[in-house]
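S.K.: Structure in structure tokens, see below.
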Amino acid sequence: MDGNIVSGSVWRAVGVIDDIPRLGSRVVVSASGDIAVFRTADDRIFALYDSCPHKQGKLSQGIVHGDQVTCPLHNWVIGLTDGQAVAPDEGCTRTVPVRLDGQTILLAVGGS
Ligand code: FES
């Protein structure tokens with residue numbers, strides 16, 4: 001068994017936490033689509049596909065607050081932990097498993 005494999009995906013190093021400003025994000029290109037990696041004010045890291053469940057706005061260009069991001073197009077609020085739109089809006093953006101190994105950000109993305 002390989003501890004680096006997660007559900008058919010491989011942990012991939014995509015940079016270090018200081019590559020992302022607090023309340024900011026960075027886009028990681030993957031074979032399955034662009035992934036927005038967010039850093040909260042308290043240095044937690046989350047990753048979602050960079051596509052709003054409403055009309056595919058780029059969440060990486062949204063405003064991060066707490067553990068949510070507000071889409072730049074029509075202000076839907078999306079939870080960073082689960083990708084769910086906050087009511088009354090409905091929809092979900094896929095999350096991507098992410099973890100920190102020291103300062104290094106690791107994303108579980110499909111192997112290529
Ligand atoms: S595309 Fe995100 S709120 Fe409309």
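Ligands are numbered from 1 in the order shown, chains are lettered A, B, ... in the order of the structure tokens, and residues start at 1 in each chain.
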Could you pull the residues within 10 Å of Val69 of chain A, counting only C-alpha atoms, minus those fewer than 2 positions along the same chain, as a tab-separated table (two decimals) with N, CA and C atoms, in the first residue's frame?

M.R.:
chain	number	residue	atom	x	y	z
A	23	LEU	N	-6.37	35.36	3.28
A	23	LEU	CA	-7.63	35.74	2.63
A	23	LEU	C	-7.48	35.79	1.11
A	24	GLY	N	-6.47	35.11	0.61
A	24	GLY	CA	-6.26	35.08	-0.83
A	24	GLY	C	-6.37	33.67	-1.37
A	38	PHE	N	-7.32	28.16	-1.27
A	38	PHE	CA	-7.57	29.34	-0.46
A	38	PHE	C	-6.82	29.27	0.86
A	40	THR	N	-7.11	31.00	4.68
A	40	THR	CA	-7.95	31.83	5.54
A	40	THR	C	-7.08	32.74	6.41
A	59	LEU	N	-14.14	31.31	-8.44
A	59	LEU	CA	-14.13	31.51	-6.98
A	59	LEU	C	-12.77	32.00	-6.51
A	60	SER	N	-11.72	31.70	-7.29
A	60	SER	CA	-10.38	32.17	-6.91
A	60	SER	C	-10.31	33.69	-6.90
A	61	GLN	N	-11.26	34.34	-7.57
A	61	GLN	CA	-11.27	35.81	-7.60
A	61	GLN	C	-12.28	36.38	-6.61
A	62	GLY	N	-12.82	35.51	-5.77
A	62	GLY	CA	-13.80	35.96	-4.79
A	62	GLY	C	-13.15	36.50	-3.53
A	63	ILE	N	-14.01	36.87	-2.60
A	63	ILE	CA	-13.56	37.43	-1.33
A	63	ILE	C	-13.67	36.34	-0.26
A	64	VAL	N	-12.55	36.04	0.40
A	64	VAL	CA	-12.55	35.03	1.46
A	64	VAL	C	-12.88	35.72	2.79
A	65	HIS	N	-13.79	35.09	3.54
A	65	HIS	CA	-14.14	35.60	4.87
A	65	HIS	C	-14.49	34.40	5.73
A	66	GLY	N	-13.87	34.31	6.89
A	66	GLY	CA	-14.07	33.11	7.70
A	66	GLY	C	-13.65	31.89	6.90
A	67	ASP	N	-14.53	30.87	6.86
A	67	ASP	CA	-14.23	29.72	6.00
A	67	ASP	C	-15.23	29.67	4.85
A	71	CYS	N	-18.54	34.66	-4.23
A	71	CYS	CA	-18.27	34.65	-5.67
A	71	CYS	C	-18.23	36.09	-6.20
A	72	PRO	N	-17.28	36.37	-7.09
A	72	PRO	CA	-17.16	37.75	-7.59
A	72	PRO	C	-18.29	38.14	-8.56
A	75	ASN	N	-22.25	37.25	-6.05
A	75	ASN	CA	-22.19	37.27	-4.58
A	75	ASN	C	-22.79	36.07	-3.87
A	76	TRP	N	-22.88	34.93	-4.54
A	76	TRP	CA	-23.21	33.73	-3.78
A	76	TRP	C	-22.06	33.48	-2.80
A	77	VAL	N	-22.43	32.89	-1.65
A	77	VAL	CA	-21.42	32.55	-0.65
A	77	VAL	C	-21.26	31.03	-0.64
A	78	ILE	N	-20.02	30.58	-0.80
A	78	ILE	CA	-19.72	29.16	-0.90
A	78	ILE	C	-18.85	28.76	0.30
A	79	GLY	N	-19.24	27.68	0.96
A	79	GLY	CA	-18.44	27.18	2.08
A	79	GLY	C	-17.16	26.55	1.59
A	80	LEU	N	-16.06	26.91	2.21
A	80	LEU	CA	-14.78	26.33	1.79
A	80	LEU	C	-14.62	24.90	2.27
A	83	GLY	N	-17.89	23.12	0.00
A	83	GLY	CA	-18.25	23.57	-1.35
A	83	GLY	C	-19.72	23.90	-1.53
A	85	ALA	N	-23.18	25.98	-1.43
A	85	ALA	CA	-23.68	27.34	-1.42
A	85	ALA	C	-24.49	27.57	-0.15

S.K.: Taking only C-alpha atoms and all ligand atoms and a cut-off of 6 Å, can you tell me which residues surround ligand 1, written as number ranges by chain?

M.R.: A: 52, 54-57, 71, 73-76

S.K.: From the set A:Pro88, A:Ile105, A:Arg99, A:Gly110, which residue has the shortest atom-to-atom contact distance to Val14 of chain A, counting only C-alpha atoms?

M.R.: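 The answer is A:Ile105, which sits nearest to Val14 of chain A.
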
S.K.: Would you give me, as a list in words, the residues in segment 29-107 of chain A that DSSP reads as strand (DSSP E)?

M.R.: Ile35, Ala36, Val37, Phe38, Arg39, Ile45, Phe46, Ala47, Leu48, Tyr49, Ile63, Val64, His65, Gln68, Val69, Thr70, Val77, Ile78, Gly79, Val98, Arg99, Leu100, Asp101, Thr104, Ile105, Leu106 and Leu107 of chain A

S.K.: Excluding Gly15 of chain A and any residue of its chain fewer than 4 positions from it, enumerate the residues within 9 Å of it, using only C-alpha atoms, and give them as number ranges by chain.

M.R.: A: 19-20, 103-106

S.K.: Write the residues you've just listed into a file as a tab-separated table (two decimals), in the first residue's frame, and include N, CA and C atoms for each of them.

M.R.:
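Result file follows (out20.tsv):
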chain	number	residue	atom	x	y	z
A	19	ASP	N	2.99	31.16	-0.38
A	19	ASP	CA	2.71	31.55	-1.77
A	19	ASP	C	1.33	32.20	-1.87
A	20	ILE	N	0.50	31.97	-0.86
A	20	ILE	CA	-0.88	32.47	-0.90
A	20	ILE	C	-1.03	33.52	0.20
A	103	GLN	N	5.23	23.49	5.74
A	103	GLN	CA	4.79	24.65	4.97
A	103	GLN	C	4.27	24.26	3.59
A	104	THR	N	4.47	23.02	3.21
A	104	THR	CA	4.14	22.59	1.85
A	104	THR	C	2.67	22.22	1.72
A	105	ILE	N	2.04	22.75	0.67
A	105	ILE	CA	0.64	22.44	0.40
A	105	ILE	C	0.58	21.22	-0.51
A	106	LEU	N	-0.20	20.22	-0.07
A	106	LEU	CA	-0.37	19.00	-0.84
A	106	LEU	C	-1.82	18.88	-1.25

S.K.: From the options A:Leu107, A:Ala41, A:Ile35, A:Ala87, which residue's atoms come nearest to Pro21 of chain A, counting only C-alpha atoms?

M.R.: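 Residue with the minimum atom-to-atom distance to Pro21 of chain A: A:Ala41.
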
S.K.: Pick out the residues sitting within 12 Å of Asp34 of chain A, and hand them over as a PyMOL selection string; count only C-alpha atoms, and ignore anything fewer than 2 positions along from it in its own chain.

M.R.: chain A and resi 26-32+36-37+47-52+56+58-60+94-96+109

S.K.: For Pro53 of chain A, list every protein, DNA or RNA residue within 6 Å, evaluated using only C-alpha atoms, and leave out those in the same chain fewer than 5 positions away; present the list as a ChimeraX atom specification.

M.R.: /A:91-93

S.K.: Please dump the current selection as a PDB file, in the first residue's frame; keep C-alpha atoms.

M.R.:
ATOM      1  CA  GLY A  91     -25.540  24.226  -5.366  1.00  0.00           C
ATOM      2  CA  CYS A  92     -22.212  22.683  -4.674  1.00  0.00           C
ATOM      3  CA  THR A  93     -18.697  23.007  -5.970  1.00  0.00           C
TER       4      THR A  93
END

S.K.: Name the closest residue to Arg44 of chain A among the candidates A:Ala108, A:Val10, A:Val98, A:Val86; distances are taken between atoms, counting only C-alpha atoms.

M.R.: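 Checking each candidate against Arg44 of chain A, we get A:Val98 as the closest.
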